[in-house]
file query39.txt (compact mmCIF, C-alpha atoms)
# COMPACT_ATOMS: atom_id res chain seq x y z
CA MET A 1352 0.00 0.00 0.00
CA SER A 1353 2.97 2.31 0.48
CA ASP A 1354 2.98 3.12 -3.23
CA GLY A 1355 -0.61 4.37 -3.24
CA PRO A 1356 -1.64 8.05 -3.32
CA VAL A 1357 -1.13 9.97 -0.08
CA LEU A 1358 -4.16 11.94 1.11
CA ARG A 1359 -3.62 15.39 2.51
CA ILE A 1360 -5.53 15.96 5.76
CA LEU A 1361 -7.32 19.24 5.00
CA GLY A 1362 -8.86 19.72 8.42
CA ARG A 1363 -10.40 17.84 11.31
CA VAL A 1364 -13.89 17.42 12.76
CA SER A 1365 -14.69 18.82 16.19
CA SER A 1366 -17.76 16.97 17.48
CA PRO A 1367 -19.35 15.80 20.72
CA LEU A 1368 -19.21 12.25 19.26
CA GLN A 1369 -16.20 10.62 20.92
CA GLU A 1370 -16.71 6.91 20.23
CA ARG A 1371 -18.16 4.80 17.43
CA GLY A 1372 -20.84 3.48 19.78
CA GLN A 1373 -22.19 7.01 20.17
CA ALA A 1374 -22.70 7.57 16.47
CA PRO A 1375 -26.23 6.96 15.17
CA LEU A 1376 -26.37 3.96 12.86
CA GLN A 1377 -28.14 5.91 10.16
CA GLY A 1378 -28.10 9.57 9.24
CA ASP A 1379 -31.84 9.82 9.51
CA GLU A 1380 -31.41 8.97 13.18
CA GLY A 1381 -29.76 12.38 13.40
CA GLY A 1382 -26.27 13.66 14.12
CA PRO A 1383 -24.95 16.59 16.13
CA GLU A 1384 -23.76 19.95 14.91
CA ALA A 1385 -20.00 19.92 14.40
CA THR A 1386 -17.24 22.15 13.13
CA VAL A 1387 -14.42 21.47 10.69
CA ALA A 1388 -11.23 23.50 11.17
CA PHE A 1389 -9.48 23.60 7.78
CA GLU A 1390 -5.82 24.45 7.25
CA PRO A 1391 -5.41 28.23 6.78
CA ASP A 1392 -3.84 27.86 3.32
CA LEU A 1393 -7.15 26.42 2.05
CA ALA A 1394 -9.05 29.71 2.48
CA ARG A 1395 -9.21 30.28 -1.30
CA ALA A 1396 -10.65 26.79 -1.89
CA LEU A 1397 -13.39 27.45 0.71
CA ALA A 1398 -14.17 31.04 -0.33
CA GLU A 1399 -17.41 30.42 -2.26
CA LEU A 1400 -19.01 28.09 0.29
CA GLU A 1401 -22.14 29.70 1.73
CA VAL A 1402 -24.19 29.30 4.88
CA GLY A 1403 -27.26 27.22 4.08
CA GLN A 1404 -25.49 25.28 1.32
CA GLU A 1405 -25.57 21.47 1.28
CA VAL A 1406 -22.11 20.00 0.90
CA LEU A 1407 -20.60 16.55 0.86
CA LEU A 1408 -17.74 16.13 3.32
CA VAL A 1409 -15.33 13.31 2.53
CA THR A 1410 -13.59 12.04 5.65
CA TRP A 1411 -10.91 9.50 6.48
CA LEU A 1412 -12.37 7.18 9.12
CA ASP A 1413 -9.15 6.86 11.07
CA ARG A 1414 -10.58 4.51 13.69
CA ALA A 1415 -11.69 1.94 11.11
CA ASP A 1416 -10.09 -1.49 10.56
CA ARG A 1417 -8.66 -1.57 7.03
CA SER A 1418 -8.15 -5.35 7.09
CA VAL A 1419 -11.90 -6.11 7.22
CA LEU A 1420 -13.41 -7.46 3.95
CA ALA A 1421 -16.81 -8.67 5.24
CA VAL A 1422 -19.07 -7.65 8.13
CA HIS A 1423 -22.41 -8.36 9.73
CA PRO A 1424 -24.36 -5.27 8.58
CA ARG A 1425 -24.91 -2.76 11.36
CA GLY A 1426 -22.97 -5.06 13.68
CA ASP A 1427 -25.94 -7.42 13.95
CA PRO A 1428 -24.69 -11.04 14.22
CA ALA A 1429 -28.14 -12.16 13.01
CA ARG A 1430 -27.43 -10.58 9.63
CA PRO A 1431 -25.37 -12.71 7.23
CA GLU A 1432 -21.76 -11.65 6.76
CA THR A 1433 -21.57 -9.34 3.75
CA GLY A 1434 -18.67 -8.05 1.66
CA VAL A 1435 -17.87 -4.51 2.76
CA PHE A 1436 -18.35 -3.06 -0.74
CA ALA A 1437 -22.04 -3.98 -0.44
CA THR A 1438 -22.29 -2.29 2.98
CA ARG A 1439 -21.67 1.11 4.54
CA SER A 1440 -19.28 -0.32 7.09
CA PRO A 1441 -16.51 2.10 8.06
CA ASP A 1442 -14.24 -0.96 8.23
CA ARG A 1443 -12.97 -1.40 4.65
CA PRO A 1444 -9.64 -1.25 2.77
CA ASN A 1445 -9.87 2.54 2.29
CA PRO A 1446 -12.11 3.88 5.06
CA LEU A 1447 -13.50 6.95 3.31
CA GLY A 1448 -16.64 8.47 4.82
CA LEU A 1449 -19.21 10.49 2.87
CA HIS A 1450 -21.37 12.91 4.79
CA GLN A 1451 -24.00 15.16 3.26
CA VAL A 1452 -24.35 18.12 5.61
CA ARG A 1453 -25.71 21.67 5.64
CA VAL A 1454 -23.30 24.55 6.25
CA VAL A 1455 -24.65 26.56 9.20
CA GLY A 1456 -21.71 28.87 9.84
CA ILE A 1457 -18.37 29.95 8.40
CA GLU A 1458 -15.66 31.82 10.31
CA GLY A 1459 -12.36 32.12 8.49
CA THR A 1460 -11.44 28.55 7.56
CA THR A 1461 -13.66 27.00 10.25
CA VAL A 1462 -16.95 25.66 8.90
CA ARG A 1463 -19.88 24.71 11.16
CA VAL A 1464 -22.22 22.04 9.82
CA ALA A 1465 -25.49 20.47 10.94
CA ASP A 1466 -26.12 16.75 11.41
CA LEU A 1467 -22.63 15.28 10.97
CA GLU A 1468 -22.19 11.65 12.02
CA ALA A 1469 -18.40 11.72 12.32
CA LEU A 1470 -16.27 11.23 15.40
CA ASP A 1471 -14.32 14.03 17.05
CA GLY A 1472 -10.92 14.40 15.41
CA THR A 1473 -11.88 12.66 12.16
CA PRO A 1474 -9.73 13.97 9.27
CA VAL A 1475 -11.56 15.72 6.41
CA VAL A 1476 -10.04 15.03 2.99
CA ASP A 1477 -12.44 16.70 0.52
CA VAL A 1478 -15.48 18.97 0.25
CA LYS A 1479 -17.87 18.88 -2.70
CA PRO A 1480 -21.01 20.85 -3.44
CA VAL A 1481 -24.36 19.09 -3.62
CA LEU A 1482 -26.14 20.38 -6.69
CA GLY A 1483 -29.66 20.16 -8.02
CA PRO A 1484 -32.90 18.94 -6.49
CA VAL A 1485 -32.79 15.99 -4.11
CA GLY A 1486 -33.67 13.47 -6.79
CA THR A 1487 -30.65 14.37 -8.89
CA ARG A 1488 -28.12 15.12 -6.17
CA CYS A 1489 -26.22 11.88 -6.39
CA HIS A 1490 -26.06 12.09 -10.14
CA ASN A 1491 -24.47 15.49 -9.85
CA ILE A 1492 -22.24 14.41 -7.02
CA GLY A 1493 -21.02 11.64 -9.30
CA ASP A 1494 -19.64 14.00 -11.91
CA ASP A 1495 -16.33 15.01 -10.38
CA ALA A 1496 -14.23 12.98 -12.74
CA ALA A 1497 -16.00 14.56 -15.67
CA ALA A 1498 -15.84 18.21 -14.66
CA SER A 1499 -13.26 19.98 -16.74
CA GLY A 1500 -12.46 22.44 -13.99
CA MET B 1434 1.44 15.65 2.91
CA SER B 1435 3.71 12.65 3.32
CA ASP B 1436 2.28 12.02 6.79
CA GLY B 1437 -1.29 11.67 5.49
CA PRO B 1438 -3.13 8.35 5.05
CA VAL B 1439 -2.01 6.22 2.11
CA LEU B 1440 -4.82 5.00 -0.15
CA ARG B 1441 -4.69 1.47 -1.43
CA ILE B 1442 -5.42 1.23 -5.16
CA LEU B 1443 -8.11 -1.48 -5.21
CA GLY B 1444 -8.42 -1.71 -8.98
CA ARG B 1445 -8.36 0.36 -12.15
CA VAL B 1446 -10.91 1.54 -14.69
CA SER B 1447 -10.79 0.23 -18.25
CA SER B 1448 -12.67 2.73 -20.43
CA PRO B 1449 -12.69 4.12 -23.97
CA LEU B 1450 -12.23 7.57 -22.38
CA GLN B 1451 -8.52 8.32 -22.83
CA GLU B 1452 -8.32 12.07 -22.19
CA ARG B 1453 -10.07 14.59 -19.98
CA GLY B 1454 -11.37 16.43 -23.04
CA GLN B 1455 -13.33 13.32 -24.03
CA ALA B 1456 -15.21 13.09 -20.74
CA PRO B 1457 -18.69 14.61 -20.74
CA LEU B 1458 -18.87 17.64 -18.47
CA GLN B 1459 -21.91 16.32 -16.65
CA GLY B 1460 -23.06 12.80 -15.93
CA ASP B 1461 -26.43 13.46 -17.48
CA GLU B 1462 -24.53 14.00 -20.74
CA GLY B 1463 -23.83 10.28 -20.52
CA GLY B 1464 -20.73 8.15 -20.08
CA PRO B 1465 -19.57 4.90 -21.63
CA GLU B 1466 -19.72 1.41 -20.24
CA ALA B 1467 -16.49 0.56 -18.45
CA THR B 1468 -14.96 -2.24 -16.40
CA VAL B 1469 -13.09 -2.16 -13.10
CA ALA B 1470 -10.53 -4.91 -12.54
CA PHE B 1471 -10.15 -5.29 -8.78
CA GLU B 1472 -7.23 -6.99 -7.02
CA PRO B 1473 -7.96 -10.73 -6.61
CA ASP B 1474 -7.64 -10.61 -2.81
CA LEU B 1475 -10.73 -8.34 -2.72
CA ALA B 1476 -13.10 -11.09 -3.92
CA ARG B 1477 -14.71 -11.42 -0.46
CA ALA B 1478 -15.36 -7.66 -0.26
CA LEU B 1479 -17.10 -7.77 -3.67
CA ALA B 1480 -19.04 -11.00 -3.13
CA GLU B 1481 -22.49 -9.52 -2.41
CA LEU B 1482 -22.49 -6.98 -5.25
CA GLU B 1483 -25.21 -7.84 -7.77
CA VAL B 1484 -25.88 -7.10 -11.41
CA GLY B 1485 -28.43 -4.28 -11.63
CA GLN B 1486 -27.31 -2.71 -8.35
CA GLU B 1487 -26.47 0.99 -8.18
CA VAL B 1488 -23.10 1.59 -6.54
CA LEU B 1489 -20.92 4.56 -5.83
CA LEU B 1490 -17.37 4.16 -7.12
CA VAL B 1491 -14.78 6.34 -5.43
CA THR B 1492 -11.80 7.00 -7.68
CA TRP B 1493 -8.47 8.78 -7.40
CA LEU B 1494 -8.31 11.26 -10.28
CA ASP B 1495 -4.64 10.69 -10.97
CA ARG B 1496 -4.45 13.20 -13.84
CA ALA B 1497 -5.72 16.07 -11.67
CA ASP B 1498 -3.62 19.03 -10.45
CA ARG B 1499 -3.54 18.91 -6.65
CA SER B 1500 -2.14 22.45 -6.36
CA VAL B 1501 -5.31 24.10 -7.75
CA LEU B 1502 -7.48 25.91 -5.16
CA ALA B 1503 -9.81 27.86 -7.50
CA VAL B 1504 -11.10 27.31 -11.03
CA HIS B 1505 -13.41 28.77 -13.65
CA PRO B 1506 -16.33 26.29 -13.40
CA ARG B 1507 -16.48 23.87 -16.32
CA GLY B 1508 -13.35 25.54 -17.72
CA ASP B 1509 -15.39 28.54 -18.89
CA PRO B 1510 -13.28 31.73 -18.52
CA ALA B 1511 -16.53 33.73 -18.52
CA ARG B 1512 -17.44 32.14 -15.20
CA PRO B 1513 -15.88 33.80 -12.13
CA GLU B 1514 -13.04 31.91 -10.49
CA THR B 1515 -14.48 29.75 -7.73
CA GLY B 1516 -12.90 27.88 -4.83
CA VAL B 1517 -12.65 24.21 -5.72
CA PHE B 1518 -14.65 23.08 -2.67
CA ALA B 1519 -17.67 24.85 -4.19
CA THR B 1520 -17.11 23.14 -7.56
CA ARG B 1521 -16.86 19.63 -8.99
CA SER B 1522 -13.43 20.32 -10.47
CA PRO B 1523 -11.18 17.25 -10.51
CA ASP B 1524 -8.32 19.64 -9.75
CA ARG B 1525 -8.31 19.91 -5.93
CA PRO B 1526 -5.99 19.03 -3.01
CA ASN B 1527 -7.29 15.44 -2.82
CA PRO B 1528 -8.68 14.56 -6.26
CA LEU B 1529 -11.31 12.01 -5.23
CA GLY B 1530 -14.00 11.25 -7.80
CA LEU B 1531 -17.50 10.00 -6.94
CA HIS B 1532 -19.37 8.10 -9.62
CA GLN B 1533 -22.83 6.63 -9.20
CA VAL B 1534 -23.04 3.74 -11.65
CA ARG B 1535 -25.13 0.63 -12.29
CA VAL B 1536 -23.45 -2.78 -12.18
CA VAL B 1537 -24.12 -4.52 -15.50
CA GLY B 1538 -21.79 -7.50 -15.18
CA ILE B 1539 -19.54 -9.30 -12.71
CA GLU B 1540 -16.88 -11.85 -13.65
CA GLY B 1541 -14.60 -12.88 -10.80
CA THR B 1542 -13.21 -9.61 -9.47
CA THR B 1543 -13.90 -7.66 -12.68
CA VAL B 1544 -17.03 -5.51 -12.51
CA ARG B 1545 -18.66 -3.98 -15.59
CA VAL B 1546 -20.60 -0.75 -15.02
CA ALA B 1547 -22.78 1.53 -17.14
CA ASP B 1548 -22.30 5.26 -17.62
CA LEU B 1549 -18.92 5.83 -15.94
CA GLU B 1550 -17.27 9.19 -16.62
CA ALA B 1551 -13.76 8.19 -15.58
CA LEU B 1552 -10.65 8.01 -17.72
CA ASP B 1553 -8.99 4.75 -18.71
CA GLY B 1554 -6.57 3.63 -15.99
CA THR B 1555 -8.15 5.69 -13.20
CA PRO B 1556 -7.53 4.04 -9.81
CA VAL B 1557 -10.61 2.91 -7.85
CA VAL B 1558 -10.25 3.36 -4.08
CA ASP B 1559 -13.69 2.44 -2.68
CA VAL B 1560 -17.09 0.98 -3.58
CA LYS B 1561 -20.26 1.78 -1.65
CA PRO B 1562 -23.85 0.68 -2.13
CA VAL B 1563 -26.50 3.23 -3.04
CA LEU B 1564 -29.49 2.54 -0.82
CA GLY B 1565 -33.07 3.67 -0.76
CA PRO B 1566 -35.21 5.60 -3.23
CA VAL B 1567 -33.59 8.31 -5.31
CA GLY B 1568 -34.67 11.09 -3.00
CA THR B 1569 -32.84 9.55 -0.05
CA ARG B 1570 -29.81 8.11 -1.80
CA CYS B 1571 -27.39 10.80 -0.84
CA HIS B 1572 -28.57 10.75 2.73
CA ASN B 1573 -27.80 7.06 2.89
CA ILE B 1574 -24.54 7.50 1.04
CA GLY B 1575 -23.60 10.01 3.70
CA ASP B 1576 -23.90 7.54 6.55
CA ASP B 1577 -20.64 5.65 6.28
CA ALA B 1578 -19.10 7.18 9.36
CA ALA B 1579 -22.21 6.27 11.31
CA ALA B 1580 -22.53 2.65 10.25
CA SER B 1581 -21.32 0.40 13.01
CA GLY B 1582 -20.15 -2.27 10.59

call {"tool": "encode", "arguments": {"input": "query39.txt", "output": "structure tokens"}}
result
Amino acid sequence: MSDGPVLRILGRVSSPLQERGQAPLQGDEGGPEATVAFEPDLARALAELEVGQEVLLVTWLDRADRSVLAVHPRGDPARPETGVFATRSPDRPNPLGLHQVRVVGIEGTTVRVADLEALDGTPVVDVKPVLGPVGTRCHNIGDDAAASG
Amino acid sequence: MSDGPVLRILGRVSSPLQERGQAPLQGDEGGPEATVAFEPDLARALAELEVGQEVLLVTWLDRADRSVLAVHPRGDPARPETGVFATRSPDRPNPLGLHQVRVVGIEGTTVRVADLEALDGTPVVDVKPVLGPVGTRCHNIGDDAAASG
């Protein structure tokens, strides 16, 4: 793995969630308000974010187990073991987390967001806008590789 | 950046798209069918993926410029320069691509998908299921950090 791409940690989550057990199992079970303190040199990249905007935060789930290839979904032993690529388990070879959140405040390079199910200290590795009506959001989110910049 | 997390390259895209100029600017402009050849040791992680399923492929956009913090959206000089975190530019500090695609074939650890706007040879770094009706997809996609595995 040492020859793979190296992610830059752009900032970290500050959240009341301290342990995995505290995190709701699904987003619609709600998550707390949290802040992300980005590195100061990223101010230009953040400049056009606006309060009220929906964004996708990409995190690195640094407490995940990268050796896990199959899990019992939602940690329920009654559920058959399932390959992690068919689950949302944080335990996976590259533990990237995707979190759609609403920006509720911006102060310098610190961004406050609503309803973030990420643990305190979790590294943030990307931010992407969520575009279009709900029904087309994912389609738009999926276009990064195609955008010509 | 050398102290950041190292991504494992799980597989690579095989696609007729050879250059960024060929890629449609938006997913709804369509993308070709493509295959992803995953490393053989990931067979268990892929086992429960099914033909017809919608998945989110996370890629590493290895032809992107990681030094870019602001762009003219869609490469249009008439559009005001915008911080990359408010755009879908592939040029960004961590060039992660998100692609919602439908699985159309699986053979061993090679997965064929429809409508993938990613260039030939692009590394794939994660695969996540898309759950729920369209209107809630992103919300579910955003739950990785909350899933207890």

call {"tool": "closest_residue", "arguments": {"input": "query39.txt", "among": "A:Val1435, A:Leu1393, A:Leu1368, A:Val1452", "to": "Val1501 in chain B", "atoms": "all atoms listed in the file"}}
result
A:Leu1393

call {"tool": "calpha_fit_and_write", "arguments": {"input": "query39.txt", "fixed": "chain B", "moving": "chain A", "output": "short mmCIF file (atom, residue, chain, number, x, y, z; two decimals) with C-alpha atoms, keeping the file's coordinate frame"}}
result
data_model
loop_
_atom_site.label_atom_id
_atom_site.label_comp_id
_atom_site.auth_asym_id
_atom_site.auth_seq_id
_atom_site.Cartn_x
_atom_site.Cartn_y
_atom_site.Cartn_z
CA MET A 1352 1.47 15.62 2.87
CA SER A 1353 3.76 12.64 3.36
CA ASP A 1354 2.28 12.02 6.80
CA GLY A 1355 -1.28 11.68 5.50
CA PRO A 1356 -3.14 8.37 5.06
CA VAL A 1357 -2.02 6.24 2.12
CA LEU A 1358 -4.83 5.02 -0.14
CA ARG A 1359 -4.69 1.48 -1.41
CA ILE A 1360 -5.43 1.25 -5.14
CA LEU A 1361 -8.12 -1.46 -5.20
CA GLY A 1362 -8.44 -1.70 -8.96
CA ARG A 1363 -8.37 0.37 -12.12
CA VAL A 1364 -10.92 1.56 -14.67
CA SER A 1365 -10.79 0.24 -18.23
CA SER A 1366 -12.67 2.72 -20.42
CA PRO A 1367 -12.70 4.10 -23.96
CA LEU A 1368 -12.21 7.57 -22.38
CA GLN A 1369 -8.51 8.34 -22.82
CA GLU A 1370 -8.31 12.09 -22.19
CA ARG A 1371 -10.08 14.61 -19.98
CA GLY A 1372 -11.37 16.44 -23.05
CA GLN A 1373 -13.31 13.33 -24.04
CA ALA A 1374 -15.20 13.08 -20.78
CA PRO A 1375 -18.70 14.59 -20.76
CA LEU A 1376 -18.90 17.64 -18.52
CA GLN A 1377 -21.91 16.30 -16.69
CA GLY A 1378 -23.09 12.79 -15.98
CA ASP A 1379 -26.44 13.45 -17.54
CA GLU A 1380 -24.57 14.00 -20.79
CA GLY A 1381 -23.83 10.28 -20.57
CA GLY A 1382 -20.74 8.16 -20.09
CA PRO A 1383 -19.56 4.91 -21.64
CA GLU A 1384 -19.73 1.42 -20.23
CA ALA A 1385 -16.49 0.55 -18.45
CA THR A 1386 -14.98 -2.22 -16.39
CA VAL A 1387 -13.11 -2.14 -13.10
CA ALA A 1388 -10.55 -4.91 -12.53
CA PHE A 1389 -10.17 -5.28 -8.75
CA GLU A 1390 -7.25 -6.97 -7.01
CA PRO A 1391 -7.97 -10.71 -6.60
CA ASP A 1392 -7.66 -10.58 -2.79
CA LEU A 1393 -10.74 -8.32 -2.69
CA ALA A 1394 -13.12 -11.06 -3.90
CA ARG A 1395 -14.72 -11.41 -0.44
CA ALA A 1396 -15.37 -7.65 -0.24
CA LEU A 1397 -17.11 -7.74 -3.66
CA ALA A 1398 -19.05 -10.98 -3.11
CA GLU A 1399 -22.51 -9.50 -2.40
CA LEU A 1400 -22.50 -6.97 -5.25
CA GLU A 1401 -25.22 -7.83 -7.75
CA VAL A 1402 -25.89 -7.08 -11.40
CA GLY A 1403 -28.44 -4.28 -11.63
CA GLN A 1404 -27.32 -2.71 -8.34
CA GLU A 1405 -26.48 1.00 -8.16
CA VAL A 1406 -23.12 1.60 -6.54
CA LEU A 1407 -20.92 4.58 -5.83
CA LEU A 1408 -17.37 4.17 -7.12
CA VAL A 1409 -14.78 6.35 -5.41
CA THR A 1410 -11.81 7.02 -7.67
CA TRP A 1411 -8.47 8.79 -7.41
CA LEU A 1412 -8.31 11.27 -10.29
CA ASP A 1413 -4.64 10.71 -10.98
CA ARG A 1414 -4.45 13.21 -13.83
CA ALA A 1415 -5.72 16.09 -11.68
CA ASP A 1416 -3.63 19.05 -10.46
CA ARG A 1417 -3.54 18.94 -6.65
CA SER A 1418 -2.14 22.47 -6.37
CA VAL A 1419 -5.30 24.12 -7.76
CA LEU A 1420 -7.47 25.94 -5.16
CA ALA A 1421 -9.81 27.88 -7.50
CA VAL A 1422 -11.10 27.32 -11.04
CA HIS A 1423 -13.39 28.75 -13.67
CA PRO A 1424 -16.31 26.28 -13.41
CA ARG A 1425 -16.45 23.86 -16.31
CA GLY A 1426 -13.33 25.51 -17.71
CA ASP A 1427 -15.35 28.51 -18.89
CA PRO A 1428 -13.24 31.70 -18.55
CA ALA A 1429 -16.51 33.68 -18.57
CA ARG A 1430 -17.43 32.13 -15.22
CA PRO A 1431 -15.88 33.80 -12.17
CA GLU A 1432 -13.03 31.91 -10.52
CA THR A 1433 -14.47 29.76 -7.73
CA GLY A 1434 -12.89 27.90 -4.82
CA VAL A 1435 -12.65 24.23 -5.73
CA PHE A 1436 -14.65 23.10 -2.68
CA ALA A 1437 -17.66 24.87 -4.21
CA THR A 1438 -17.11 23.14 -7.57
CA ARG A 1439 -16.84 19.63 -8.97
CA SER A 1440 -13.44 20.31 -10.46
CA PRO A 1441 -11.19 17.25 -10.51
CA ASP A 1442 -8.32 19.65 -9.75
CA ARG A 1443 -8.31 19.93 -5.93
CA PRO A 1444 -5.99 19.06 -3.02
CA ASN A 1445 -7.29 15.47 -2.82
CA PRO A 1446 -8.68 14.59 -6.25
CA LEU A 1447 -11.30 12.03 -5.23
CA GLY A 1448 -13.99 11.26 -7.80
CA LEU A 1449 -17.48 10.02 -6.96
CA HIS A 1450 -19.36 8.11 -9.61
CA GLN A 1451 -22.82 6.64 -9.20
CA VAL A 1452 -23.05 3.76 -11.65
CA ARG A 1453 -25.13 0.65 -12.31
CA VAL A 1454 -23.44 -2.76 -12.16
CA VAL A 1455 -24.13 -4.51 -15.49
CA GLY A 1456 -21.81 -7.49 -15.16
CA ILE A 1457 -19.55 -9.29 -12.70
CA GLU A 1458 -16.89 -11.85 -13.63
CA GLY A 1459 -14.61 -12.86 -10.79
CA THR A 1460 -13.23 -9.59 -9.44
CA THR A 1461 -13.93 -7.67 -12.66
CA VAL A 1462 -17.05 -5.50 -12.49
CA ARG A 1463 -18.68 -3.97 -15.58
CA VAL A 1464 -20.61 -0.75 -15.02
CA ALA A 1465 -22.80 1.52 -17.14
CA ASP A 1466 -22.30 5.25 -17.64
CA LEU A 1467 -18.93 5.84 -15.94
CA GLU A 1468 -17.28 9.21 -16.62
CA ALA A 1469 -13.76 8.20 -15.58
CA LEU A 1470 -10.65 8.02 -17.70
CA ASP A 1471 -8.99 4.75 -18.69
CA GLY A 1472 -6.57 3.64 -15.99
CA THR A 1473 -8.15 5.71 -13.20
CA PRO A 1474 -7.53 4.04 -9.81
CA VAL A 1475 -10.61 2.92 -7.84
CA VAL A 1476 -10.25 3.38 -4.08
CA ASP A 1477 -13.69 2.45 -2.67
CA VAL A 1478 -17.09 1.01 -3.58
CA LYS A 1479 -20.26 1.81 -1.64
CA PRO A 1480 -23.84 0.70 -2.13
CA VAL A 1481 -26.50 3.24 -3.05
CA LEU A 1482 -29.50 2.56 -0.85
CA GLY A 1483 -33.09 3.69 -0.82
CA PRO A 1484 -35.20 5.59 -3.33
CA VAL A 1485 -33.55 8.32 -5.39
CA GLY A 1486 -34.66 11.09 -3.07
CA THR A 1487 -32.88 9.58 -0.10
CA ARG A 1488 -29.82 8.11 -1.80
CA CYS A 1489 -27.39 10.80 -0.79
CA HIS A 1490 -28.60 10.73 2.77
CA ASN A 1491 -27.89 7.03 2.90
CA ILE A 1492 -24.62 7.41 1.08
CA GLY A 1493 -23.64 9.89 3.76
CA ASP A 1494 -23.87 7.39 6.58
CA ASP A 1495 -20.59 5.53 6.25
CA ALA A 1496 -19.01 7.09 9.28
CA ALA A 1497 -22.02 6.13 11.34
CA ALA A 1498 -22.42 2.51 10.29
CA SER A 1499 -21.24 0.26 13.06
CA GLY A 1500 -20.16 -2.44 10.65
#

call {"tool": "residues_around", "arguments": {"input": "query39.txt", "residues": "Leu1397 in chain A", "least_positions_apart": "5", "cutoff": "12 Å", "atoms": "only C-alpha atoms", "output": "PyMOL selection string"}}
result
(chain A and resi 1361-1362+1387-1392+1402+1406+1454+1457-1462+1477-1480) or (chain B and resi 1502-1504+1515-1520+1525-1526)

call {"tool": "write_last_selection", "arguments": {"input": "query39.txt", "atoms": "C-alpha atoms", "output": "compact mmCIF listing (two decimals), in the coordinates of the input"}}
result
# COMPACT_ATOMS: atom_id res chain seq x y z
CA LEU A 1361 -7.32 19.24 5.00
CA GLY A 1362 -8.86 19.72 8.42
CA VAL A 1387 -14.42 21.47 10.69
CA ALA A 1388 -11.23 23.50 11.17
CA PHE A 1389 -9.48 23.60 7.78
CA GLU A 1390 -5.82 24.45 7.25
CA PRO A 1391 -5.41 28.23 6.78
CA ASP A 1392 -3.84 27.86 3.32
CA VAL A 1402 -24.19 29.30 4.88
CA VAL A 1406 -22.11 20.00 0.90
CA VAL A 1454 -23.30 24.55 6.25
CA ILE A 1457 -18.37 29.95 8.40
CA GLU A 1458 -15.66 31.82 10.31
CA GLY A 1459 -12.36 32.12 8.49
CA THR A 1460 -11.44 28.55 7.56
CA THR A 1461 -13.66 27.00 10.25
CA VAL A 1462 -16.95 25.66 8.90
CA ASP A 1477 -12.44 16.70 0.52
CA VAL A 1478 -15.48 18.97 0.25
CA LYS A 1479 -17.87 18.88 -2.70
CA PRO A 1480 -21.01 20.85 -3.44
CA LEU B 1502 -7.48 25.91 -5.16
CA ALA B 1503 -9.81 27.86 -7.50
CA VAL B 1504 -11.10 27.31 -11.03
CA THR B 1515 -14.48 29.75 -7.73
CA GLY B 1516 -12.90 27.88 -4.83
CA VAL B 1517 -12.65 24.21 -5.72
CA PHE B 1518 -14.65 23.08 -2.67
CA ALA B 1519 -17.67 24.85 -4.19
CA THR B 1520 -17.11 23.14 -7.56
CA ARG B 1525 -8.31 19.91 -5.93
CA PRO B 1526 -5.99 19.03 -3.01

call {"tool": "atom_distance", "arguments": {"input": "query39.txt", "atom1": "CA of Leu1358 in chain A", "atom2": "CA of Gly1530 in chain B"}}
result
13.3 Å

call {"tool": "atom_distance", "arguments": {"input": "query39.txt", "atom1": "CA of Leu1490 in chain B", "atom2": "CA of Leu1531 in chain B"}}
result
5.8 Å

call {"tool": "closest_residue", "arguments": {"input": "query39.txt", "among": "B:Val1446, B:Ser1500, B:Ala1511, B:Glu1481", "to": "chain A", "atoms": "all atoms listed in the file"}}
result
B:Glu1481

call {"tool": "closest_residue", "arguments": {"input": "query39.txt", "among": "A:Ala1396, A:Val1455, A:Val1464, A:Val1475", "to": "Asp1524 in chain B", "atoms": "all atoms listed in the file"}}
result
A:Ala1396

call {"tool": "atom_distance", "arguments": {"input": "query39.txt", "atom1": "CA of Asp1354 in chain A", "atom2": "CA of Asp1498 in chain B"}}
result
18.7 Å

call {"tool": "residues_near_point", "arguments": {"input": "query39.txt", "point": "(-2.8, 3.0, -5.4)", "cutoff": "10 Å", "atoms": "all atoms listed in the file", "output": "JSON list (two decimals) with C-alpha atoms, in the coordinates of the input"}}
result
[["chain", "number", "residue", "atom", "x", "y", "z"],
["A", 1352, "MET", "CA", 0.00, 0.00, 0.00],
["A", 1353, "SER", "CA", 2.97, 2.31, 0.48],
["A", 1354, "ASP", "CA", 2.98, 3.12, -3.23],
["A", 1355, "GLY", "CA", -0.61, 4.37, -3.24],
["A", 1356, "PRO", "CA", -1.64, 8.05, -3.32],
["A", 1357, "VAL", "CA", -1.13, 9.97, -0.08],
["B", 1439, "VAL", "CA", -2.01, 6.22, 2.11],
["B", 1440, "LEU", "CA", -4.82, 5.00, -0.15],
["B", 1441, "ARG", "CA", -4.69, 1.47, -1.43],
["B", 1442, "ILE", "CA", -5.42, 1.23, -5.16],
["B", 1443, "LEU", "CA", -8.11, -1.48, -5.21],
["B", 1444, "GLY", "CA", -8.42, -1.71, -8.98],
["B", 1445, "ARG", "CA", -8.36, 0.36, -12.15],
["B", 1493, "TRP", "CA", -8.47, 8.78, -7.40],
["B", 1495, "ASP", "CA", -4.64, 10.69, -10.97],
["B", 1555, "THR", "CA", -8.15, 5.69, -13.20],
["B", 1556, "PRO", "CA", -7.53, 4.04, -9.81],
["B", 1557, "VAL", "CA", -10.61, 2.91, -7.85],
["B", 1558, "VAL", "CA", -10.25, 3.36, -4.08]]

call {"tool": "closest_residue", "arguments": {"input": "query39.txt", "among": "B:Gly1508, B:Gly1554, B:Pro1528, B:Gly1538", "to": "chain A", "atoms": "all atoms listed in the file"}}
result
B:Gly1508

call {"tool": "closest_residue", "arguments": {"input": "query39.txt", "among": "B:Pro1465, B:Pro1449, B:Pro1523, B:Leu1549", "to": "Arg1496 in chain B", "atoms": "only C-alpha atoms"}}
result
B:Pro1523
